[in-house]
Each structure stands twice: as C-alpha cells, then as structure tokens.
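One file, start-v9.pdb, carrying PDB, C-alpha atoms and all ligand atoms:
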ATOM      1  CA  PRO A   1     130.982  52.858 114.276  1.00  0.00           C
ATOM      2  CA  LYS A   2     130.167  55.676 116.660  1.00  0.00           C
ATOM      3  CA  LEU A   3     126.858  55.486 118.493  1.00  0.00           C
ATOM      4  CA  TYR A   4     125.140  58.205 116.419  1.00  0.00           C
ATOM      5  CA  VAL A   5     126.157  56.415 113.211  1.00  0.00           C
ATOM      6  CA  GLN A   6     124.777  53.162 114.610  1.00  0.00           C
ATOM      7  CA  ARG A   7     121.480  54.947 115.221  1.00  0.00           C
ATOM      8  CA  TYR A   8     121.297  56.197 111.608  1.00  0.00           C
ATOM      9  CA  ASN A   9     122.214  52.720 110.320  1.00  0.00           C
ATOM     10  CA  LYS A  10     119.451  51.190 112.403  1.00  0.00           C
ATOM     11  CA  VAL A  11     116.898  53.669 111.022  1.00  0.00           C
ATOM     12  CA  LEU A  12     118.052  53.098 107.435  1.00  0.00           C
ATOM     13  CA  GLU A  13     117.892  49.334 107.927  1.00  0.00           C
ATOM     14  CA  LEU A  14     114.347  49.534 109.321  1.00  0.00           C
ATOM     15  CA  LEU A  15     113.179  51.916 106.578  1.00  0.00           C
ATOM     16  CA  SER A  16     114.720  49.880 103.755  1.00  0.00           C
ATOM     17  CA  ARG A  17     112.424  47.019 104.704  1.00  0.00           C
ATOM     18  CA  LEU A  18     109.357  49.266 104.530  1.00  0.00           C
ATOM     19  CA  ARG A  19     110.394  51.476 101.590  1.00  0.00           C
ATOM     20  CA  PRO A  20     108.255  54.495 102.569  1.00  0.00           C
ATOM     21  CA  GLU A  21     107.857  57.154  99.878  1.00  0.00           C
ATOM     22  CA  LYS A  22     107.434  60.058 102.292  1.00  0.00           C
ATOM     23  CA  VAL A  23     109.536  60.329 105.425  1.00  0.00           C
ATOM     24  CA  VAL A  24     109.693  63.121 108.017  1.00  0.00           C
ATOM     25  CA  ASP A  25     112.586  63.477 110.451  1.00  0.00           C
ATOM     26  CA  LEU A  26     111.419  65.319 113.578  1.00  0.00           C
ATOM     27  CA  GLY A  27     114.220  67.141 115.392  1.00  0.00           C
ATOM     28  CA  CYS A  28     116.480  66.695 112.364  1.00  0.00           C
ATOM     29  CA  ALA A  29     119.199  69.020 113.785  1.00  0.00           C
ATOM     30  CA  GLU A  30     122.185  69.014 111.365  1.00  0.00           C
ATOM     31  CA  CYS A  31     120.214  66.891 108.853  1.00  0.00           C
ATOM     32  CA  LYS A  32     122.744  64.064 109.006  1.00  0.00           C
ATOM     33  CA  LEU A  33     120.112  61.350 108.752  1.00  0.00           C
ATOM     34  CA  ILE A  34     118.386  63.152 105.859  1.00  0.00           C
ATOM     35  CA  ASN A  35     121.725  63.379 104.067  1.00  0.00           C
ATOM     36  CA  LEU A  36     122.012  59.577 104.226  1.00  0.00           C
ATOM     37  CA  LEU A  37     118.356  58.873 103.501  1.00  0.00           C
ATOM     38  CA  ARG A  38     118.402  60.938 100.304  1.00  0.00           C
ATOM     39  CA  HIS A  39     120.500  58.224  98.607  1.00  0.00           C
ATOM     40  CA  GLU A  40     117.750  55.618  99.011  1.00  0.00           C
ATOM     41  CA  ASP A  41     115.903  55.005  95.752  1.00  0.00           C
ATOM     42  CA  TYR A  42     112.487  54.303  97.338  1.00  0.00           C
ATOM     43  CA  VAL A  43     112.063  57.701  98.954  1.00  0.00           C
ATOM     44  CA  LYS A  44     110.329  60.506  97.029  1.00  0.00           C
ATOM     45  CA  GLU A  45     109.763  63.139  99.677  1.00  0.00           C
ATOM     46  CA  ILE A  46     111.753  63.894 102.813  1.00  0.00           C
ATOM     47  CA  SER A  47     110.901  66.620 105.306  1.00  0.00           C
ATOM     48  CA  GLY A  48     112.977  67.694 108.259  1.00  0.00           C
ATOM     49  CA  VAL A  49     111.511  69.650 111.169  1.00  0.00           C
ATOM     50  CA  ASP A  50     113.462  71.404 113.899  1.00  0.00           C
ATOM     51  CA  LEU A  51     112.779  74.222 116.326  1.00  0.00           C
ATOM     52  CA  ASP A  52     116.168  75.731 115.557  1.00  0.00           C
ATOM     53  CA  GLY A  53     115.757  77.648 112.290  1.00  0.00           C
ATOM     54  CA  SER A  54     119.306  78.969 112.180  1.00  0.00           C
ATOM     55  CA  LEU A  55     120.669  75.437 112.535  1.00  0.00           C
ATOM     56  CA  LEU A  56     118.535  74.401 109.544  1.00  0.00           C
ATOM     57  CA  ARG A  57     119.577  77.401 107.468  1.00  0.00           C
ATOM     58  CA  GLY A  58     123.207  76.601 108.240  1.00  0.00           C
ATOM     59  CA  CYS A  59     123.050  73.066 106.888  1.00  0.00           C
ATOM     60  CA  SER A  60     120.431  73.277 104.133  1.00  0.00           C
ATOM     61  CA  HIS A  61     123.140  73.777 101.470  1.00  0.00           C
ATOM     62  CA  LYS A  62     124.458  70.266 102.010  1.00  0.00           C
ATOM     63  CA  LEU A  63     121.128  68.896 100.826  1.00  0.00           C
ATOM     64  CA  ASP A  64     121.255  70.723  97.484  1.00  0.00           C
ATOM     65  CA  PRO A  65     121.776  68.495  94.443  1.00  0.00           C
ATOM     66  CA  GLN A  66     125.427  68.308  93.427  1.00  0.00           C
ATOM     67  CA  ALA A  67     127.077  67.613  90.054  1.00  0.00           C
ATOM     68  CA  TYR A  68     127.050  63.945  91.029  1.00  0.00           C
ATOM     69  CA  ASP A  69     123.267  63.991  91.283  1.00  0.00           C
ATOM     70  CA  PHE A  70     122.950  65.349  87.732  1.00  0.00           C
ATOM     71  CA  LEU A  71     125.349  62.725  86.355  1.00  0.00           C
ATOM     72  CA  ASN A  72     123.796  59.835  88.279  1.00  0.00           C
ATOM     73  CA  LYS A  73     120.127  60.605  88.195  1.00  0.00           C
ATOM     74  CA  ARG A  74     117.731  59.009  90.593  1.00  0.00           C
ATOM     75  CA  PHE A  75     115.201  56.387  89.622  1.00  0.00           C
ATOM     76  CA  ASN A  76     112.493  58.267  91.504  1.00  0.00           C
ATOM     77  CA  PRO A  77     111.923  61.988  91.977  1.00  0.00           C
ATOM     78  CA  LEU A  78     112.960  63.425  95.331  1.00  0.00           C
ATOM     79  CA  THR A  79     112.143  66.684  97.074  1.00  0.00           C
ATOM     80  CA  ILE A  80     113.650  67.560 100.460  1.00  0.00           C
ATOM     81  CA  ARG A  81     112.100  70.313 102.540  1.00  0.00           C
ATOM     82  CA  LEU A  82     113.296  71.700 105.841  1.00  0.00           C
ATOM     83  CA  TYR A  83     110.813  73.363 108.167  1.00  0.00           C
ATOM     84  CA  GLN A  84     111.272  75.416 111.260  1.00  0.00           C
ATOM     85  CA  GLY A  85     108.586  74.436 113.740  1.00  0.00           C
ATOM     86  CA  SER A  86     107.741  72.524 116.880  1.00  0.00           C
ATOM     87  CA  VAL A  87     107.023  68.799 116.916  1.00  0.00           C
ATOM     88  CA  SER A  88     104.102  69.493 119.243  1.00  0.00           C
ATOM     89  CA  GLU A  89     102.289  71.201 116.366  1.00  0.00           C
ATOM     90  CA  PHE A  90     100.703  69.838 113.227  1.00  0.00           C
ATOM     91  CA  ASP A  91     101.310  71.150 109.756  1.00  0.00           C
ATOM     92  CA  GLU A  92      98.955  70.234 106.908  1.00  0.00           C
ATOM     93  CA  ARG A  93     101.928  69.516 104.599  1.00  0.00           C
ATOM     94  CA  LEU A  94     102.868  66.447 106.626  1.00  0.00           C
ATOM     95  CA  ARG A  95      99.534  64.770 106.037  1.00  0.00           C
ATOM     96  CA  ASN A  96      99.863  61.416 104.217  1.00  0.00           C
ATOM     97  CA  TYR A  97     103.451  60.889 105.266  1.00  0.00           C
ATOM     98  CA  ASP A  98     104.305  57.175 105.466  1.00  0.00           C
ATOM     99  CA  ALA A  99     106.988  57.260 108.128  1.00  0.00           C
ATOM    100  CA  VAL A 100     108.032  59.522 111.006  1.00  0.00           C
ATOM    101  CA  VAL A 101     111.526  59.265 112.477  1.00  0.00           C
ATOM    102  CA  SER A 102     112.537  60.965 115.701  1.00  0.00           C
ATOM    103  CA  ILE A 103     116.067  60.213 116.895  1.00  0.00           C
ATOM    104  CA  GLU A 104     117.166  61.434 120.325  1.00  0.00           C
ATOM    105  CA  LEU A 105     114.508  64.142 120.372  1.00  0.00           C
ATOM    106  CA  ILE A 106     111.868  63.366 123.014  1.00  0.00           C
ATOM    107  CA  GLU A 107     114.298  63.690 125.943  1.00  0.00           C
ATOM    108  CA  HIS A 108     114.817  67.351 124.914  1.00  0.00           C
ATOM    109  CA  LEU A 109     111.106  68.214 125.136  1.00  0.00           C
ATOM    110  CA  LEU A 110     109.573  70.212 127.955  1.00  0.00           C
ATOM    111  CA  PRO A 111     106.639  68.480 129.710  1.00  0.00           C
ATOM    112  CA  LYS A 112     103.891  70.332 127.792  1.00  0.00           C
ATOM    113  CA  THR A 113     105.592  69.721 124.439  1.00  0.00           C
ATOM    114  CA  LEU A 114     106.089  66.045 125.293  1.00  0.00           C
ATOM    115  CA  GLU A 115     102.421  65.819 126.215  1.00  0.00           C
ATOM    116  CA  ASP A 116     101.342  67.250 122.831  1.00  0.00           C
ATOM    117  CA  PHE A 117     103.814  65.184 120.797  1.00  0.00           C
ATOM    118  CA  PRO A 118     101.785  61.921 120.517  1.00  0.00           C
ATOM    119  CA  GLN A 119      98.689  63.646 119.186  1.00  0.00           C
ATOM    120  CA  ALA A 120     100.673  65.665 116.638  1.00  0.00           C
ATOM    121  CA  VAL A 121     102.535  62.571 115.414  1.00  0.00           C
ATOM    122  CA  PHE A 122     100.224  59.591 115.890  1.00  0.00           C
ATOM    123  CA  GLY A 123      96.923  61.460 115.791  1.00  0.00           C
ATOM    124  CA  TYR A 124      97.395  63.988 113.013  1.00  0.00           C
ATOM    125  CA  ILE A 125     100.238  62.705 110.823  1.00  0.00           C
ATOM    126  CA  ASN A 126      99.039  59.149 111.609  1.00  0.00           C
ATOM    127  CA  PRO A 127     101.747  57.426 109.502  1.00  0.00           C
ATOM    128  CA  LYS A 128     102.167  53.684 108.931  1.00  0.00           C
ATOM    129  CA  THR A 129     105.457  53.679 110.838  1.00  0.00           C
ATOM    130  CA  VAL A 130     107.009  55.740 113.631  1.00  0.00           C
ATOM    131  CA  ILE A 131     110.596  55.164 114.777  1.00  0.00           C
ATOM    132  CA  ILE A 132     111.641  56.844 118.047  1.00  0.00           C
ATOM    133  CA  SER A 133     114.954  56.593 119.878  1.00  0.00           C
ATOM    134  CA  THR A 134     115.945  57.928 123.292  1.00  0.00           C
ATOM    135  CA  PRO A 135     118.737  57.213 125.830  1.00  0.00           C
ATOM    136  CA  ASN A 136     118.238  54.140 127.996  1.00  0.00           C
ATOM    137  CA  ALA A 137     118.720  55.199 131.629  1.00  0.00           C
ATOM    138  CA  ASP A 138     119.278  51.569 132.697  1.00  0.00           C
ATOM    139  CA  PHE A 139     122.516  51.688 130.730  1.00  0.00           C
ATOM    140  CA  ASN A 140     123.798  54.776 132.593  1.00  0.00           C
ATOM    141  CA  VAL A 141     125.263  52.723 135.448  1.00  0.00           C
ATOM    142  CA  LEU A 142     127.906  51.615 132.937  1.00  0.00           C
ATOM    143  CA  PHE A 143     128.856  55.277 132.469  1.00  0.00           C
ATOM    144  CA  GLY A 144     129.087  55.927 136.217  1.00  0.00           C
ATOM    145  CA  LEU A 145     126.967  59.074 135.869  1.00  0.00           C
ATOM    146  CA  ASN A 146     125.737  58.990 139.446  1.00  0.00           C
ATOM    147  CA  GLY A 147     122.224  60.025 138.519  1.00  0.00           C
ATOM    148  CA  CYS A 148     123.331  62.785 136.116  1.00  0.00           C
ATOM    149  CA  PHE A 149     122.021  62.917 132.564  1.00  0.00           C
ATOM    150  CA  ARG A 150     124.174  62.294 129.505  1.00  0.00           C
ATOM    151  CA  HIS A 151     123.589  65.792 128.110  1.00  0.00           C
ATOM    152  CA  TRP A 152     122.851  69.142 129.801  1.00  0.00           C
ATOM    153  CA  ASP A 153     119.740  69.741 127.678  1.00  0.00           C
ATOM    154  CA  HIS A 154     118.049  66.431 128.518  1.00  0.00           C
ATOM    155  CA  LYS A 155     114.828  66.985 130.434  1.00  0.00           C
ATOM    156  CA  PHE A 156     114.707  63.294 131.423  1.00  0.00           C
ATOM    157  CA  GLU A 157     116.259  59.945 130.619  1.00  0.00           C
ATOM    158  CA  TRP A 158     113.932  56.984 130.803  1.00  0.00           C
ATOM    159  CA  THR A 159     114.557  53.423 131.915  1.00  0.00           C
ATOM    160  CA  ARG A 160     113.334  50.741 129.519  1.00  0.00           C
ATOM    161  CA  LYS A 161     110.283  50.312 131.726  1.00  0.00           C
ATOM    162  CA  GLN A 162     109.400  54.030 131.652  1.00  0.00           C
ATOM    163  CA  PHE A 163     109.883  54.307 127.894  1.00  0.00           C
ATOM    164  CA  GLN A 164     107.860  51.168 127.224  1.00  0.00           C
ATOM    165  CA  SER A 165     104.970  52.303 129.371  1.00  0.00           C
ATOM    166  CA  TRP A 166     104.879  55.652 127.476  1.00  0.00           C
ATOM    167  CA  CYS A 167     104.907  53.697 124.192  1.00  0.00           C
ATOM    168  CA  GLU A 168     102.174  51.318 125.285  1.00  0.00           C
ATOM    169  CA  ASN A 169      99.864  54.182 126.222  1.00  0.00           C
ATOM    170  CA  ILE A 170     100.392  55.633 122.740  1.00  0.00           C
ATOM    171  CA  CYS A 171      99.467  52.275 121.196  1.00  0.00           C
ATOM    172  CA  LYS A 172      96.236  52.229 123.177  1.00  0.00           C
ATOM    173  CA  ASP A 173      95.316  55.832 122.388  1.00  0.00           C
ATOM    174  CA  TYR A 174      96.120  55.763 118.672  1.00  0.00           C
ATOM    175  CA  GLN A 175      95.823  52.082 117.605  1.00  0.00           C
ATOM    176  CA  TYR A 176      99.415  51.163 116.946  1.00  0.00           C
ATOM    177  CA  SER A 177     101.545  48.161 117.834  1.00  0.00           C
ATOM    178  CA  VAL A 178     105.138  48.555 119.037  1.00  0.00           C
ATOM    179  CA  GLU A 179     108.402  46.611 118.984  1.00  0.00           C
ATOM    180  CA  TYR A 180     111.582  47.517 120.831  1.00  0.00           C
ATOM    181  CA  ASP A 181     115.149  47.466 119.644  1.00  0.00           C
ATOM    182  CA  GLY A 182     118.315  49.412 120.302  1.00  0.00           C
ATOM    183  CA  VAL A 183     121.915  50.171 119.435  1.00  0.00           C
ATOM    184  CA  GLY A 184     125.155  50.471 121.354  1.00  0.00           C
ATOM    185  CA  VAL A 185     127.219  47.596 122.803  1.00  0.00           C
ATOM    186  CA  ASP A 186     126.647  43.920 122.296  1.00  0.00           C
ATOM    187  CA  PRO A 187     123.545  43.121 124.394  1.00  0.00           C
ATOM    188  CA  ASP A 188     125.139  39.842 125.514  1.00  0.00           C
ATOM    189  CA  LYS A 189     127.748  41.883 127.343  1.00  0.00           C
ATOM    190  CA  THR A 190     125.258  44.277 128.887  1.00  0.00           C
ATOM    191  CA  GLN A 191     122.283  41.955 129.204  1.00  0.00           C
ATOM    192  CA  ASN A 192     120.890  43.440 132.376  1.00  0.00           C
ATOM    193  CA  PHE A 193     121.100  47.016 131.130  1.00  0.00           C
ATOM    194  CA  GLY A 194     119.921  46.713 127.535  1.00  0.00           C
ATOM    195  CA  TYR A 195     121.207  48.903 124.723  1.00  0.00           C
ATOM    196  CA  CYS A 196     122.747  52.331 125.154  1.00  0.00           C
ATOM    197  CA  SER A 197     120.061  53.911 122.906  1.00  0.00           C
ATOM    198  CA  GLN A 198     116.604  52.380 123.048  1.00  0.00           C
ATOM    199  CA  PHE A 199     114.339  52.289 119.995  1.00  0.00           C
ATOM    200  CA  ALA A 200     110.587  51.891 119.619  1.00  0.00           C
ATOM    201  CA  ILE A 201     109.183  50.955 116.213  1.00  0.00           C
ATOM    202  CA  PHE A 202     105.461  51.627 115.968  1.00  0.00           C
ATOM    203  CA  THR A 203     103.221  50.184 113.271  1.00  0.00           C
ATOM    204  CA  LYS A 204      99.707  51.435 112.595  1.00  0.00           C
ATOM    205  CA  LEU A 205      97.195  48.631 113.076  1.00  0.00           C
ATOM    206  CA  GLN A 206      95.904  47.517 109.706  1.00  0.00           C
ATOM    207  CA  ASP A 207      92.230  47.993 110.363  1.00  0.00           C
ATOM    208  CA  SER A 208      92.527  51.094 112.487  1.00  0.00           C
ATOM    209  CA  ARG A 209      90.325  53.978 111.431  1.00  0.00           C
ATOM    210  CA  THR A 210      91.327  56.932 113.456  1.00  0.00           C
ATOM    211  CA  HIS A 211      88.932  59.824 113.643  1.00  0.00           C
ATOM    212  CA  PHE A 212      90.798  62.670 115.178  1.00  0.00           C
ATOM    213  CA  HIS A 213      89.392  66.121 115.033  1.00  0.00           C
ATOM    214  CA  GLU A 214      91.417  68.629 113.154  1.00  0.00           C
ATOM    215  CA  PRO A 215      93.564  70.652 115.520  1.00  0.00           C
ATOM    216  CA  ALA A 216      91.754  73.848 116.481  1.00  0.00           C
ATOM    217  CA  ASN A 217      94.523  76.118 115.280  1.00  0.00           C
ATOM    218  CA  VAL A 218      96.636  74.522 112.597  1.00  0.00           C
ATOM    219  CA  LYS A 219     100.068  76.036 113.029  1.00  0.00           C
ATOM    220  CA  SER A 220     102.116  76.437 109.944  1.00  0.00           C
ATOM    221  CA  PHE A 221     105.776  75.491 109.913  1.00  0.00           C
ATOM    222  CA  GLN A 222     108.125  77.900 108.227  1.00  0.00           C
ATOM    223  CA  LEU A 223     109.699  76.518 105.061  1.00  0.00           C
ATOM    224  CA  VAL A 224     113.457  77.052 105.346  1.00  0.00           C
ATOM    225  CA  SER A 225     114.678  75.298 102.196  1.00  0.00           C
ATOM    226  CA  GLU A 226     113.590  73.081  99.351  1.00  0.00           C
ATOM    227  CA  ALA A 227     115.834  70.876  97.218  1.00  0.00           C
ATOM    228  CA  VAL A 228     114.486  69.175  94.093  1.00  0.00           C
ATOM    229  CA  TYR A 229     116.585  66.345  92.683  1.00  0.00           C
ATOM    230  CA  PRO A 230     116.866  65.513  88.977  1.00  0.00           C
ATOM    231  CA  PHE A 231     115.642  62.058  87.938  1.00  0.00           C
TER     232      PHE A 231
HETATM  233  N1  LIG B 301     117.848  63.775 115.453  1.00  0.00           N
HETATM  234  C1  LIG B 301     119.193  64.326 115.475  1.00  0.00           C
HETATM  235  C2  LIG B 301     120.196  63.314 115.008  1.00  0.00           C
HETATM  236  O1  LIG B 301     119.918  62.127 115.138  1.00  0.00           O
HETATM  237  O2  LIG B 301     121.242  63.708 114.501  1.00  0.00           O
HETATM  238  C3  LIG B 301     119.616  64.790 116.852  1.00  0.00           C
HETATM  239  C4  LIG B 301     118.570  65.525 117.607  1.00  0.00           C
HETATM  240  S1  LIG B 301     119.209  66.707 118.766  1.00  0.00           S
HETATM  241  C5  LIG B 301     119.851  65.751 120.021  1.00  0.00           C
HETATM  242  C6  LIG B 301     117.698  67.389 119.357  1.00  0.00           C
HETATM  243  C7  LIG B 301     117.085  68.378 118.382  1.00  0.00           C
HETATM  244  O3  LIG B 301     115.747  68.591 118.743  1.00  0.00           O
HETATM  245  C8  LIG B 301     117.766  69.746 118.384  1.00  0.00           C
HETATM  246  O4  LIG B 301     118.201  70.055 117.085  1.00  0.00           O
HETATM  247  C9  LIG B 301     116.663  70.698 118.850  1.00  0.00           C
HETATM  248  O5  LIG B 301     116.708  71.955 118.203  1.00  0.00           O
HETATM  249  C10 LIG B 301     115.421  69.927 118.458  1.00  0.00           C
HETATM  250  N2  LIG B 301     114.204  70.278 119.218  1.00  0.00           N
HETATM  251  C11 LIG B 301     114.056  70.467 120.545  1.00  0.00           C
HETATM  252  N3  LIG B 301     112.776  70.737 120.853  1.00  0.00           N
HETATM  253  C12 LIG B 301     112.082  70.709 119.682  1.00  0.00           C
HETATM  254  C13 LIG B 301     110.713  70.922 119.338  1.00  0.00           C
HETATM  255  N4  LIG B 301     109.789  71.220 120.251  1.00  0.00           N
HETATM  256  N5  LIG B 301     110.365  70.827 118.024  1.00  0.00           N
HETATM  257  C14 LIG B 301     111.283  70.541 117.086  1.00  0.00           C
HETATM  258  N6  LIG B 301     112.584  70.315 117.354  1.00  0.00           N
HETATM  259  C15 LIG B 301     112.984  70.415 118.645  1.00  0.00           C
END
Could you spell out this file's structure in structure tokens?
Ligand code: SAM
Amino acid sequence: PKLYVQRYNKVLELLSRLRPEKVVDLGCAECKLINLLRHEDYVKEISGVDLDGSLLRGCSHKLDPQAYDFLNKRFNPLTIRLYQGSVSEFDERLRNYDAVVSIELIEHLLPKTLEDFPQAVFGYINPKTVIISTPNADFNVLFGLNGCFRHWDHKFEWTRKQFQSWCENICKDYQYSVEYDGVGVDPDKTQNFGYCSQFAIFTKLQDSRTHFHEPANVKSFQLVSEAVYPF
C-alpha cells in the first residue's frame, strides 16, 4: 500500500489494541483516518481538529451516516465532530479523551505553535495514549533530496535523534513513556536510515497525577459538523 495508507493502518492497528472510546485526530485534513476509524466498534466519539475550516467543510459530508449505516447498525453509539481550531489551543470539549492521534502534522507547525503543542495535548487533554508521526530526515538520503524537505509546507524534518529527544522531553514534563515505530520500506533493507515515517507512541504513566493549571484563556474551537450514527 501507499505510504499514507500504511500510516493509517499502523494507527488503526495500535488503536485496536487499546480500544479507546474517545479519539481526537489533530490536523485531520481530509478526514481520511476518521473515515476508516468510524468503522471500529470500540469507538464512541471521534473529533477531528484542523486549522483549515474550508477543508473540513468540504469533506464533512463523507462522514454523514449512509443507508448502509442504518441497515447495519453499530454495536456502540458514535458521534463524529469536526472542529476548526489550532492544535496549540485547548478546548474544553476534548477533556477526557482517551487517545490523541496526530499524523504528519507537527512538521507543519510554526515554532511558537510547536512550542505550545505539548502543553495543549499532554498537559490539558492528558489522554492515556498519544500517537504522533512525522517524516524521518535520516531516510531522506534515499530520496536524494540534497537537504530539501519532502513538502514545501514543512517547517522542519527531524532525524530520529531529534524527534526522540523532543519526545523524551515531553515524557519528562508530562509523565509519559514513549515507544518508537514507523512505516515505509522494510527496515532490514534500510537499516541505517530507519523508516520513511517515524512514529512515537506515548502512554500516560499509570500513577501520574498531573496538576496543570487551566489555560488562562480557554479558546473555543468552532464546530464545523456533527454526525450521529444509529446503533
Ligand atoms: N493528518 C492528515 C492525514 O494523515 O491524512 C495529514 C495532515 S496534513 C499533512 C497537515 C494538516 O495540518 C493540514 O490539514 C493543515 O491544515 C493542518 N494544520 C497546520 N497547522 C495546524 C494547526 N496549528 N492546528 C491545526 N491544524 C493545523
């Protein structure tokens, strides 16, 4: 499968082991992952957040229940909401979410937004699981990019070492543990470079009691669409 499909498959595989009831996809773009995730029976609430409201409005219709969904009802209820907002901000409605997914998002963030991202996600949402993917710059030599990025809108591309040091600081600040994984090309063939897309899977430490102050000004995301599935 194509690389982006491999990324979704990896996320679905990881989530199916954890069976979270509430999942938020940060930087959900065309909502392709949400459209796959909605078929999982364990999930009861999915939210997608993206800065690009018109992109969300353009694809919200594909998340509406179809005839099929009325004929083959779900075991569990499911509501999908799309919000226009920035991942550097916290919205009350994401409190108590079990899992946060963020696929190929962080490399698009400006420095200040990237700086605020960990507190918004790990501090305020504070979910059991966070799955983040980003390009692996070590792999770029195989593309012959000569120091260029893979996409014009990337603000950076991190080596495995850079990504892992960012992740480890988050673990220290917010009491999480982290494991690394990836997708793209058999690692035996590209041993020295790792995977094309690198993944970090964070797990909240069992006994961690985080006491973060409420953000001074709670920004509210704008609800773009809501789909309620029959069950
Ligand atoms: N996660 C998507 C997927 O796997 O199909 C792809 C993500 S796309 C490469 C990056 C997305 O991040 C874009 O849709 C962009 O609008 C969004 N984005 C960029 N900065 C953002 C921010 N500060 N808050 C929320 N979304 C942002």
Next item on the list: Give the residues close to ligand LIG 301 (chain B), within 10 Å, counting all atoms listed in the file; write them as JSON, numbers by chain.
Entry: {"A": [4, 5, 7, 8, 11, 25, 26, 27, 28, 29, 30, 31, 32, 33, 34, 48, 49, 50, 51, 52, 53, 54, 55, 56, 83, 84, 85, 86, 87, 88, 89, 101, 102, 103, 104, 105, 106, 107, 108, 109, 110, 112, 113, 114, 116, 117, 132, 133, 134, 151, 153, 154]}
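For A:Thr79, the residues within 9 Å (counting only C-alpha atoms, excluding itself and residues fewer than 2 positions away along the chain) are Lys44, Glu45, Ile46, Ser47, Pro77, Arg81, Glu226, Ala227, Val228 and Tyr229 of chain A.
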Next item on the list: Go through the shown structure with the PyMOL selection byres (((chain A and resi 160) around 12) and not hetatm) and write out the matching residues as an NGL selection string.
Entry: :A and (133-140 or 157-159 or 161-168 or 180-182 or 192-200)
Check: Could you work out how far atom CA of A:Ser177 lies from atom CA of A:Arg17, giving the answer in Å with one decimal?
Finding: 17.1 Å
For the file shown, what are the residues hit by the PyMOL selection byres (((chain A and resi 120) around 12) and not hetatm), laid out as a PDB file with C-alpha atoms, in the frame of the given file?
ATOM      1  CA  LEU A  26     111.419  65.319 113.578  1.00  0.00           C
ATOM      2  CA  SER A  86     107.741  72.524 116.880  1.00  0.00           C
ATOM      3  CA  VAL A  87     107.023  68.799 116.916  1.00  0.00           C
ATOM      4  CA  SER A  88     104.102  69.493 119.243  1.00  0.00           C
ATOM      5  CA  GLU A  89     102.289  71.201 116.366  1.00  0.00           C
ATOM      6  CA  PHE A  90     100.703  69.838 113.227  1.00  0.00           C
ATOM      7  CA  ASP A  91     101.310  71.150 109.756  1.00  0.00           C
ATOM      8  CA  GLU A  92      98.955  70.234 106.908  1.00  0.00           C
ATOM      9  CA  LEU A  94     102.868  66.447 106.626  1.00  0.00           C
ATOM     10  CA  ARG A  95      99.534  64.770 106.037  1.00  0.00           C
ATOM     11  CA  VAL A 100     108.032  59.522 111.006  1.00  0.00           C
ATOM     12  CA  THR A 113     105.592  69.721 124.439  1.00  0.00           C
ATOM     13  CA  LEU A 114     106.089  66.045 125.293  1.00  0.00           C
ATOM     14  CA  GLU A 115     102.421  65.819 126.215  1.00  0.00           C
ATOM     15  CA  ASP A 116     101.342  67.250 122.831  1.00  0.00           C
ATOM     16  CA  PHE A 117     103.814  65.184 120.797  1.00  0.00           C
ATOM     17  CA  PRO A 118     101.785  61.921 120.517  1.00  0.00           C
ATOM     18  CA  GLN A 119      98.689  63.646 119.186  1.00  0.00           C
ATOM     19  CA  VAL A 121     102.535  62.571 115.414  1.00  0.00           C
ATOM     20  CA  PHE A 122     100.224  59.591 115.890  1.00  0.00           C
ATOM     21  CA  GLY A 123      96.923  61.460 115.791  1.00  0.00           C
ATOM     22  CA  TYR A 124      97.395  63.988 113.013  1.00  0.00           C
ATOM     23  CA  ILE A 125     100.238  62.705 110.823  1.00  0.00           C
ATOM     24  CA  ASN A 126      99.039  59.149 111.609  1.00  0.00           C
ATOM     25  CA  PRO A 127     101.747  57.426 109.502  1.00  0.00           C
ATOM     26  CA  ILE A 170     100.392  55.633 122.740  1.00  0.00           C
ATOM     27  CA  TYR A 174      96.120  55.763 118.672  1.00  0.00           C
ATOM     28  CA  PHE A 212      90.798  62.670 115.178  1.00  0.00           C
ATOM     29  CA  HIS A 213      89.392  66.121 115.033  1.00  0.00           C
ATOM     30  CA  GLU A 214      91.417  68.629 113.154  1.00  0.00           C
ATOM     31  CA  PRO A 215      93.564  70.652 115.520  1.00  0.00           C
ATOM     32  CA  VAL A 218      96.636  74.522 112.597  1.00  0.00           C
ATOM     33  CA  LYS A 219     100.068  76.036 113.029  1.00  0.00           C
TER      34      LYS A 219
END
Margin query: Neighbouring residues of A:Pro230 were defined as those with any atom within 10 Å, considering only C-alpha atoms; residues of the same chain fewer than 2 positions away were excluded. Please report them as a ChimeraX atom specification.
Written below: /A:65,69-79,227-228
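The space separating atom CA of A:Asn35 from atom CA of A:Ile80 comes to 9.8 Å.
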Check: So how far away is atom CA of A:Leu3 from atom CA of A:Phe149, in Å?
Finding: 16.6 Å
Next item on the list: Identify which of the residues A:Asp188, A:Ile201, A:Phe221, A:Leu142 lies closest to A:Val130, counting all atoms listed in the file when measuring atom-to-atom distances.
Entry: A:Ile201
Would you give the centre and edge lengths, in Å to one decimal, of a box along x, y and z around the listed atoms of stretch 144-160 of chain A, with 6 Å added to each side, as AutoDock Vina command-line options?
--center_x 121.2 --center_y 60.2 --center_z 133.6 --size_x 27.8 --size_y 31.0 --size_z 23.8
Note to self: Can you translate the PyMOL selection byres (((chain A and resi 19) around 10) and not hetatm) into the concrete residues it hits in this file, as a PyMOL selection string?
What the structure shows: chain A and resi 12+14-18+20-23+40-43+98-99
Check: With distances taken over all atoms listed in the file, which of A:Arg150, A:Gly144, A:Leu205, A:Thr129 is nearest to A:Asp173?
Finding: A:Leu205
